[in-house]
Every structure is written in C-alpha cells, then in structure tokens.
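The file entry.txt comes next; it holds compact mmCIF, C-alpha atoms.
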```txt
# COMPACT_ATOMS: atom_id res chain seq x y z
CA MET B 1007 -20.57 -0.54 -14.57
CA LEU B 1008 -23.84 -1.69 -16.08
CA ILE B 1009 -26.56 -2.07 -13.43
CA ARG B 1010 -29.76 -3.83 -14.43
CA PRO B 1011 -32.91 -3.00 -12.45
CA TRP B 1012 -32.86 -6.42 -10.76
CA ASP B 1013 -29.19 -6.05 -9.73
CA ARG B 1014 -29.37 -2.61 -8.15
CA GLY B 1015 -28.47 -2.25 -4.50
CA ASP B 1016 -29.99 0.44 -2.30
CA GLU B 1017 -28.12 2.56 0.23
CA ALA B 1018 -28.97 0.43 3.25
CA GLU B 1019 -27.74 -2.65 1.38
CA TRP B 1020 -24.38 -1.28 0.26
CA ARG B 1021 -23.75 0.36 3.62
CA ALA B 1022 -24.31 -2.92 5.47
CA TRP B 1023 -22.19 -4.83 2.95
CA LEU B 1024 -19.23 -2.46 3.33
CA ALA B 1025 -19.60 -2.25 7.13
CA ALA B 1026 -19.05 -6.03 7.32
CA GLY B 1027 -15.29 -5.48 6.98
CA ARG B 1028 -14.95 -4.38 3.35
CA ASP B 1029 -12.60 -1.42 3.58
CA PHE B 1030 -10.08 -2.18 0.82
CA GLY B 1031 -10.66 -1.08 -2.75
CA LEU B 1032 -9.21 0.15 -6.01
CA LEU B 1033 -8.87 3.91 -6.41
CA ALA B 1034 -8.76 5.22 -9.99
CA ALA B 1035 -7.85 8.67 -11.28
CA ASN B 1036 -7.65 9.99 -14.83
CA GLY B 1037 -4.17 9.59 -16.27
CA PRO B 1038 -2.33 11.97 -18.60
CA ALA B 1039 -3.59 12.45 -22.14
CA GLY B 1040 -2.91 9.35 -24.21
CA ARG B 1041 -2.45 7.14 -21.16
CA GLY B 1042 -4.80 4.89 -19.22
CA PRO B 1043 -6.12 5.63 -15.72
CA VAL B 1044 -3.91 5.51 -12.64
CA LEU B 1045 -5.01 2.69 -10.28
CA VAL B 1046 -4.04 2.23 -6.64
CA PRO B 1047 -5.17 -0.64 -4.36
CA THR B 1048 -5.74 0.87 -0.91
CA HIS B 1049 -7.40 0.63 2.47
CA PHE B 1050 -9.87 3.42 3.12
CA LEU B 1051 -12.14 4.78 5.83
CA LEU B 1052 -15.73 5.44 4.80
CA ASP B 1053 -17.75 8.03 6.69
CA ALA B 1054 -21.12 7.47 5.07
CA GLU B 1055 -22.86 10.04 7.25
CA GLN B 1056 -20.47 12.80 6.20
CA ARG B 1057 -20.36 11.49 2.62
CA GLU B 1058 -16.57 11.31 2.65
CA ILE B 1059 -13.77 8.76 2.36
CA LEU B 1060 -10.34 9.16 3.96
CA LEU B 1061 -7.07 7.49 3.06
CA HIS B 1062 -3.38 8.26 2.68
CA LEU B 1063 -0.68 7.54 0.11
CA ALA B 1064 3.08 7.86 -0.12
CA ALA B 1065 4.08 11.28 -1.43
CA PRO B 1066 5.64 9.91 -4.67
CA ASN B 1067 2.49 7.97 -5.59
CA PRO B 1068 1.59 8.84 -9.21
CA LEU B 1069 -2.09 9.01 -8.35
CA LEU B 1070 -1.46 12.29 -6.50
CA ALA B 1071 -0.17 13.98 -9.66
CA ALA B 1072 -3.25 12.70 -11.48
CA VAL B 1073 -5.51 14.20 -8.79
CA ARG B 1074 -3.75 17.55 -9.04
CA ALA B 1075 -4.53 17.54 -12.75
CA ASP B 1076 -8.12 16.29 -12.33
CA PRO B 1077 -9.71 15.76 -8.89
CA ARG B 1078 -12.42 13.43 -10.20
CA VAL B 1079 -11.75 9.89 -8.94
CA THR B 1080 -13.55 6.58 -8.54
CA LEU B 1081 -13.17 4.11 -5.68
CA SER B 1082 -14.38 0.59 -6.42
CA VAL B 1083 -14.92 -2.28 -3.98
CA THR B 1084 -15.73 -5.76 -5.32
CA ASP B 1085 -16.15 -8.98 -3.33
CA ASP B 1086 -18.24 -12.16 -2.98
CA TYR B 1087 -17.65 -13.13 -6.60
CA ALA B 1088 -17.96 -16.54 -8.20
CA PHE B 1089 -18.29 -18.06 -11.65
CA ALA B 1090 -21.59 -19.84 -12.34
CA PRO B 1091 -21.23 -22.46 -15.12
CA GLY B 1092 -23.87 -22.57 -17.82
CA HIS B 1093 -25.07 -26.08 -16.95
CA TRP B 1094 -26.04 -24.84 -13.49
CA ARG B 1095 -28.51 -22.35 -14.90
CA GLY B 1096 -30.70 -24.41 -17.25
CA GLU B 1097 -31.44 -23.67 -20.87
CA PRO B 1098 -29.81 -22.27 -22.89
CA GLY B 1099 -26.84 -22.95 -20.61
CA THR B 1100 -25.38 -19.46 -20.42
CA PRO B 1101 -22.65 -19.02 -17.78
CA THR B 1102 -22.42 -15.85 -15.72
CA SER B 1103 -20.47 -14.15 -12.95
CA TYR B 1104 -21.85 -13.46 -9.49
CA TYR B 1105 -20.43 -10.48 -7.65
CA ALA B 1106 -21.15 -7.48 -5.46
CA SER B 1107 -19.57 -4.16 -6.34
CA VAL B 1108 -19.88 -0.61 -5.02
CA GLN B 1109 -18.40 2.33 -6.89
CA PHE B 1110 -17.96 5.79 -5.40
CA SER B 1111 -17.60 8.74 -7.77
CA CYS B 1112 -15.78 11.39 -5.77
CA THR B 1113 -14.00 14.73 -5.81
CA ALA B 1114 -10.57 14.34 -4.24
CA GLU B 1115 -8.72 16.83 -2.07
CA ILE B 1116 -5.03 16.30 -1.24
CA VAL B 1117 -4.27 16.95 2.43
CA GLU B 1118 -0.85 18.62 2.77
CA ASP B 1119 -0.91 20.27 6.20
CA PRO B 1120 0.97 18.12 8.78
CA ALA B 1121 -1.68 18.46 11.49
CA ALA B 1122 -4.46 17.69 9.00
CA LYS B 1123 -2.53 14.67 7.74
CA ALA B 1124 -2.11 13.46 11.31
CA ALA B 1125 -5.86 13.79 11.82
CA VAL B 1126 -6.53 11.61 8.75
CA LEU B 1127 -4.07 8.98 9.96
CA ASN B 1128 -5.52 8.98 13.47
CA ARG B 1129 -9.03 8.41 12.17
CA GLN B 1130 -7.72 5.49 10.11
CA LEU B 1131 -5.84 4.09 13.11
CA ALA B 1132 -8.95 4.29 15.27
CA HIS B 1133 -10.77 2.22 12.64
CA PHE B 1134 -8.11 -0.29 11.64
CA GLN B 1135 -6.11 -0.56 14.89
CA PRO B 1136 -8.54 0.10 17.76
CA GLU B 1137 -6.73 -2.35 20.03
CA THR B 1138 -3.83 0.14 20.42
CA PRO B 1139 -5.47 3.47 21.22
CA GLN B 1140 -2.18 4.79 22.60
CA VAL B 1141 -0.59 4.68 19.12
CA ARG B 1142 -1.43 8.02 17.58
CA VAL B 1143 0.26 10.52 15.27
CA ALA B 1144 1.06 14.11 16.22
CA ALA B 1145 2.72 16.59 13.89
CA GLY B 1146 6.29 17.36 14.99
CA GLU B 1147 6.33 14.69 17.67
CA GLN B 1148 8.12 11.35 17.83
CA PRO B 1149 7.90 8.68 16.71
CA PHE B 1150 5.59 9.25 13.75
CA GLY B 1151 5.50 13.02 13.32
CA PRO B 1152 8.74 13.19 11.32
CA LEU B 1153 7.35 10.62 8.87
CA LEU B 1154 4.43 12.84 7.84
CA SER B 1155 6.51 14.60 5.19
CA GLY B 1156 6.58 11.33 3.22
CA LEU B 1157 2.78 11.00 3.15
CA ARG B 1158 -0.21 12.80 1.72
CA GLY B 1159 -3.75 12.47 2.95
CA LEU B 1160 -6.70 12.19 0.59
CA ARG B 1161 -10.20 13.32 1.41
CA LEU B 1162 -12.78 12.11 -1.10
CA THR B 1163 -16.13 13.87 -1.15
CA ILE B 1164 -18.72 11.38 -2.40
CA ASP B 1165 -20.69 12.69 -5.36
CA GLU B 1166 -22.46 9.47 -6.40
CA VAL B 1167 -22.69 5.86 -5.25
CA ARG B 1168 -23.52 3.01 -7.61
CA ALA B 1169 -24.09 -0.45 -6.13
CA LYS B 1170 -24.59 -3.74 -7.95
CA PHE B 1171 -25.44 -7.15 -6.45
CA LYS B 1172 -25.45 -9.58 -9.37
CA TYR B 1173 -26.89 -12.89 -8.13
CA ASP B 1174 -29.44 -14.06 -10.71
CA ASP B 1175 -32.31 -12.01 -9.28
CA LYS B 1176 -33.97 -12.09 -12.71
CA ARG B 1177 -34.61 -15.83 -12.37
CA PRO B 1178 -37.58 -17.30 -10.48
CA PRO B 1179 -36.86 -17.34 -6.75
CA ALA B 1180 -36.90 -21.15 -6.54
CA GLU B 1181 -34.30 -21.43 -9.32
CA GLN B 1182 -32.17 -18.75 -7.72
CA ALA B 1183 -32.28 -20.55 -4.36
CA ALA B 1184 -31.27 -23.83 -6.00
CA LEU B 1185 -28.12 -22.15 -7.34
CA ALA B 1186 -27.04 -21.56 -3.75
CA ASP B 1187 -26.85 -25.34 -3.31
CA ARG B 1188 -24.56 -25.53 -6.33
CA LEU B 1189 -22.22 -23.01 -4.74
CA ALA B 1190 -22.29 -24.90 -1.43
CA ASP B 1191 -21.46 -28.19 -3.14
CA ARG B 1192 -18.54 -26.68 -5.06
CA GLY B 1193 -17.21 -24.73 -2.06
CA GLN B 1194 -14.14 -23.18 -3.62
CA GLY B 1195 -12.70 -19.68 -3.74
CA LEU B 1196 -15.30 -17.12 -2.68
CA ASP B 1197 -18.27 -19.46 -3.21
CA HIS B 1198 -19.28 -19.15 0.45
CA GLY B 1199 -19.53 -15.37 0.26
CA ALA B 1200 -21.32 -15.45 -3.09
CA ARG B 1201 -23.78 -18.03 -1.72
CA ALA B 1202 -24.51 -15.84 1.31
CA GLN B 1203 -25.28 -12.86 -0.91
CA LEU B 1204 -27.42 -14.96 -3.25
CA LEU B 1205 -29.48 -16.32 -0.35
CA ARG B 1206 -29.83 -12.86 1.19
CA ARG B 1207 -31.10 -11.39 -2.08
CA ASN B 1208 -33.41 -14.39 -2.54
CA ALA B 1209 -34.87 -13.89 0.94
CA LEU B 1210 -35.58 -10.24 0.14
CA ARG B 1211 -37.41 -11.23 -3.03
CA THR B 1212 -39.45 -13.86 -1.17
CA GLN B 1213 -40.45 -11.31 1.50
CA ASP B 1214 -41.50 -8.87 -1.20
CA ARG B 1215 -43.70 -11.48 -2.86
CA THR B 1216 -45.35 -12.53 0.39
CA GLY B 1217 -45.64 -9.01 1.78
CA GLY B 1218 -43.36 -9.87 4.67
```
Translate the structure of the given file into structure tokens.
Amino acid sequence: MLIRPWDRGDEAEWRAWLAAGRDFGLLAANGPAGRGPVLVPTHFLLDAEQREILLHLAAPNPLLAAVRADPRVTLSVTDDYAFAPGHWRGEPGTPTSYYASVQFSCTAEIVEDPAAKAAVLNRQLAHFQPETPQVRVAAGEQPFGPLLSGLRGLRLTIDEVRAKFKYDDKRPPAEQAALADRLADRGQGLDHGARAQLLRRNALRTQDRTGG
C-alpha cells in the first residue's frame, strides 16, 4: 500500500478508528509456489497494548496450511471509502478514491492445544458477545468443548502497522472541506463515513495551522 506523507495515519488515529467497531478484515498468507496468496475474511480481536491479534478458523481452512509453510501474514482493514468524481475536485478534473485502511504485518502462531484454543475463543466472546457472559468455552466440557477439535486458534504477533487515511489532505483546507458537502449531497453507499473522516482530517489540519 502506497502511503503519501499527507495520507499517513499515526498510532492514536488508527487505534481510535479501529476501536469504533472495525473488527472485521481480510487476512492474507503466502500461497504455494506458483499460486497467489490465500485470503480469508474474518472477525478478529486486536490487543494493541500486547501487540497481538487473536482469531480462529475452521481446521480445514487452507490459510492454516499456508501459515505452517510461512508464518508471515498480513491483516488488512478498509472502510469509509467513496469515489470522488473528477468534476468535484477542480482542474484538471482527476477523480480519486477516498478510503481509510490499516494493514498489520504479523507473525502467525497456530494454537492447537484445546485449553489454549478455548482461551482464544473466550476472549473473542467477551469482545463480540459481552451480553451473554455465561456462554463460555471449556476444553472437554459441554456444550462447546467437543467442538474445539474442528477449530484452530491464531495468534498474530504484530511486527508493523501501516495506516493510510486518503481524504485529499494535499489540497487546501477550504477545498478539502468543500468536498465534504459534495459527499453529503450525494449521500450514497459509505459517503457518510467518508465525509466524517474527511472532516476529521480537515479539522486536524486547521488546528495545526492555527496552533490549536
């Protein structure tokens, strides 16, 4: 992913963006020689303080074989995207895409031990299903323990994070702000989310210029 200086997101920014409910991404591992990468859409649990990501997959998932061959993986999360037509952006009328994307380069470890797998699942349940704290997994116990043999946990140690917030930050702040009105007027797809990110980035630029 190409990140221009004006598109780069810092750690506080990408952490806040992900914490606002963005916990579904695309996990990629290197495929066999002569083949493309193996891609899996998946929910995940980010522990930014521990620099790790937890998830689980069905045992037959081909991504697990790819990880056994090469533990280097990438998890990508993209949201708040919108197409900006050229006539919105003045001369020379070049269209562009707005989007936010965070990519984690990680080293993956497959979790095989039943108790360790249960621990991964319970941490995910506490995050995704907090309204049912009584529903937990214990190795060897009903109702979920017997199902653990069909799953594998994945623990991803984060090696690098790259964050991009592409919302025309290279343009003068007034022009960038005016583009938010275009998104509001169109109001389709993810325009609302893209507009919110554009305005947030614009406000940061304005504060920087005024020393606020």
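Distance check against Leu1162 in chain B using only C-alpha atoms: of B:Ile1059, B:Ala1186, B:Ala1180, B:Ala1124, the minimum falls on B:Ile1059.
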**OP:** Find the residues around His1093 in chain B up to 12 Å (all atoms listed in the file counted), leave out those fewer than 4 positions away in its own chain, and share them as number ranges by chain.
**Re:** B: 1089, 1097-1102, 1185, 1188
Subject >> Best match for closeness to Ala1145 in chain B among B:Leu1210, B:Ala1018, B:Ala1200, B:Ala1122, counting only C-alpha atoms >> reply: B:Ala1122
**OP:** Please tell me which residues are no farther than 7 Å from (-28.0, -22.8, -8.3) in the file, counting only C-alpha atoms, and write them as a PyMOL selection string.
**Re:** chain B and resi 1094-1095+1181-1189
Original post:
Expressed in Å to a single decimal, how great is the separation between CA of Arg1161 in chain B and CA of Ala1114 in chain B?
Top reply: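 Separating CA of Arg1161 in chain B from CA of Ala1114 in chain B is a distance of 5.8 Å.
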Provide range 1136-1147 of chain B rebuilt to all heavy atoms, formatted as a PDB file, keeping the file's coordinate frame.
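As written to disk, selection-v8.pdb reads:
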```pdb
ATOM      1  N   PRO B1136      -7.941  -0.400  16.517  1.00  0.00           N
ATOM      2  CA  PRO B1136      -8.540   0.100  17.760  1.00  0.00           C
ATOM      3  C   PRO B1136      -7.960  -0.527  19.017  1.00  0.00           C
ATOM      4  O   PRO B1136      -8.127   0.012  20.114  1.00  0.00           O
ATOM      5  CB  PRO B1136     -10.017  -0.259  17.589  1.00  0.00           C
ATOM      6  CG  PRO B1136     -10.008  -1.452  16.675  1.00  0.00           C
ATOM      7  CD  PRO B1136      -8.887  -1.189  15.715  1.00  0.00           C
ATOM      8  N   GLU B1137      -7.275  -1.668  18.856  1.00  0.00           N
ATOM      9  CA  GLU B1137      -6.730  -2.350  20.030  1.00  0.00           C
ATOM     10  C   GLU B1137      -5.520  -1.624  20.622  1.00  0.00           C
ATOM     11  O   GLU B1137      -5.059  -1.983  21.716  1.00  0.00           O
ATOM     12  CB  GLU B1137      -6.364  -3.798  19.678  1.00  0.00           C
ATOM     13  CG  GLU B1137      -5.159  -3.959  18.754  1.00  0.00           C
ATOM     14  CD  GLU B1137      -5.501  -3.822  17.282  1.00  0.00           C
ATOM     15  OE1 GLU B1137      -6.625  -3.379  16.958  1.00  0.00           O
ATOM     16  OE2 GLU B1137      -4.635  -4.174  16.442  1.00  0.00           O
ATOM     17  N   THR B1138      -4.980  -0.617  19.913  1.00  0.00           N
ATOM     18  CA  THR B1138      -3.830   0.140  20.420  1.00  0.00           C
ATOM     19  C   THR B1138      -4.150   1.630  20.407  1.00  0.00           C
ATOM     20  O   THR B1138      -3.570   2.396  19.626  1.00  0.00           O
ATOM     21  CB  THR B1138      -2.562  -0.146  19.590  1.00  0.00           C
ATOM     22  OG1 THR B1138      -2.829   0.185  18.211  1.00  0.00           O
ATOM     23  CG2 THR B1138      -2.151  -1.599  19.679  1.00  0.00           C
ATOM     24  N   PRO B1139      -5.075   2.063  21.247  1.00  0.00           N
ATOM     25  CA  PRO B1139      -5.470   3.470  21.220  1.00  0.00           C
ATOM     26  C   PRO B1139      -4.345   4.434  21.579  1.00  0.00           C
ATOM     27  O   PRO B1139      -4.424   5.626  21.272  1.00  0.00           O
ATOM     28  CB  PRO B1139      -6.599   3.536  22.256  1.00  0.00           C
ATOM     29  CG  PRO B1139      -6.360   2.378  23.152  1.00  0.00           C
ATOM     30  CD  PRO B1139      -5.786   1.309  22.280  1.00  0.00           C
ATOM     31  N   GLN B1140      -3.288   3.920  22.226  1.00  0.00           N
ATOM     32  CA  GLN B1140      -2.180   4.790  22.600  1.00  0.00           C
ATOM     33  C   GLN B1140      -1.289   5.141  21.411  1.00  0.00           C
ATOM     34  O   GLN B1140      -0.473   6.060  21.497  1.00  0.00           O
ATOM     35  CB  GLN B1140      -1.327   4.133  23.699  1.00  0.00           C
ATOM     36  CG  GLN B1140      -0.466   2.959  23.229  1.00  0.00           C
ATOM     37  CD  GLN B1140      -1.245   1.642  23.102  1.00  0.00           C
ATOM     38  OE1 GLN B1140      -2.465   1.626  23.248  1.00  0.00           O
ATOM     39  NE2 GLN B1140      -0.534   0.549  22.863  1.00  0.00           N
ATOM     40  N   VAL B1141      -1.415   4.411  20.308  1.00  0.00           N
ATOM     41  CA  VAL B1141      -0.590   4.680  19.120  1.00  0.00           C
ATOM     42  C   VAL B1141      -1.305   5.717  18.270  1.00  0.00           C
ATOM     43  O   VAL B1141      -2.279   5.413  17.575  1.00  0.00           O
ATOM     44  CB  VAL B1141      -0.353   3.388  18.308  1.00  0.00           C
ATOM     45  CG1 VAL B1141       0.460   3.703  17.054  1.00  0.00           C
ATOM     46  CG2 VAL B1141       0.357   2.353  19.165  1.00  0.00           C
ATOM     47  N   ARG B1142      -0.833   6.937  18.336  1.00  0.00           N
ATOM     48  CA  ARG B1142      -1.430   8.020  17.580  1.00  0.00           C
ATOM     49  C   ARG B1142      -0.331   8.899  16.989  1.00  0.00           C
ATOM     50  O   ARG B1142       0.818   8.881  17.441  1.00  0.00           O
ATOM     51  CB  ARG B1142      -2.375   8.846  18.460  1.00  0.00           C
ATOM     52  CG  ARG B1142      -3.641   8.079  18.859  1.00  0.00           C
ATOM     53  CD  ARG B1142      -4.478   7.720  17.631  1.00  0.00           C
ATOM     54  NE  ARG B1142      -5.679   6.962  17.969  1.00  0.00           N
ATOM     55  CZ  ARG B1142      -5.786   5.647  17.889  1.00  0.00           C
ATOM     56  NH1 ARG B1142      -4.736   4.917  17.515  1.00  0.00           N
ATOM     57  NH2 ARG B1142      -6.906   5.035  18.187  1.00  0.00           N
ATOM     58  N   VAL B1143      -0.692   9.688  16.004  1.00  0.00           N
ATOM     59  CA  VAL B1143       0.260  10.520  15.270  1.00  0.00           C
ATOM     60  C   VAL B1143       0.035  11.978  15.655  1.00  0.00           C
ATOM     61  O   VAL B1143      -1.109  12.448  15.673  1.00  0.00           O
ATOM     62  CB  VAL B1143       0.070  10.352  13.750  1.00  0.00           C
ATOM     63  CG1 VAL B1143       1.103  11.171  12.996  1.00  0.00           C
ATOM     64  CG2 VAL B1143       0.151   8.876  13.356  1.00  0.00           C
ATOM     65  N   ALA B1144       1.128  12.682  15.952  1.00  0.00           N
ATOM     66  CA  ALA B1144       1.060  14.110  16.220  1.00  0.00           C
ATOM     67  C   ALA B1144       2.143  14.806  15.422  1.00  0.00           C
ATOM     68  O   ALA B1144       3.311  14.378  15.419  1.00  0.00           O
ATOM     69  CB  ALA B1144       1.244  14.393  17.711  1.00  0.00           C
ATOM     70  N   ALA B1145       1.767  15.855  14.715  1.00  0.00           N
ATOM     71  CA  ALA B1145       2.720  16.590  13.890  1.00  0.00           C
ATOM     72  C   ALA B1145       3.862  17.123  14.749  1.00  0.00           C
ATOM     73  O   ALA B1145       3.647  17.714  15.810  1.00  0.00           O
ATOM     74  CB  ALA B1145       2.013  17.745  13.182  1.00  0.00           C
ATOM     75  N   GLY B1146       5.105  16.859  14.298  1.00  0.00           N
ATOM     76  CA  GLY B1146       6.290  17.360  14.990  1.00  0.00           C
ATOM     77  C   GLY B1146       6.708  16.564  16.192  1.00  0.00           C
ATOM     78  O   GLY B1146       7.687  16.921  16.856  1.00  0.00           O
ATOM     79  N   GLU B1147       5.986  15.477  16.499  1.00  0.00           N
ATOM     80  CA  GLU B1147       6.330  14.690  17.670  1.00  0.00           C
ATOM     81  C   GLU B1147       6.742  13.279  17.268  1.00  0.00           C
ATOM     82  O   GLU B1147       6.242  12.705  16.303  1.00  0.00           O
ATOM     83  CB  GLU B1147       5.127  14.621  18.629  1.00  0.00           C
ATOM     84  CG  GLU B1147       4.720  15.971  19.208  1.00  0.00           C
ATOM     85  CD  GLU B1147       3.595  15.843  20.216  1.00  0.00           C
ATOM     86  OE1 GLU B1147       3.320  14.698  20.655  1.00  0.00           O
ATOM     87  OE2 GLU B1147       2.984  16.870  20.555  1.00  0.00           O
TER      88      GLU B1147
END
```
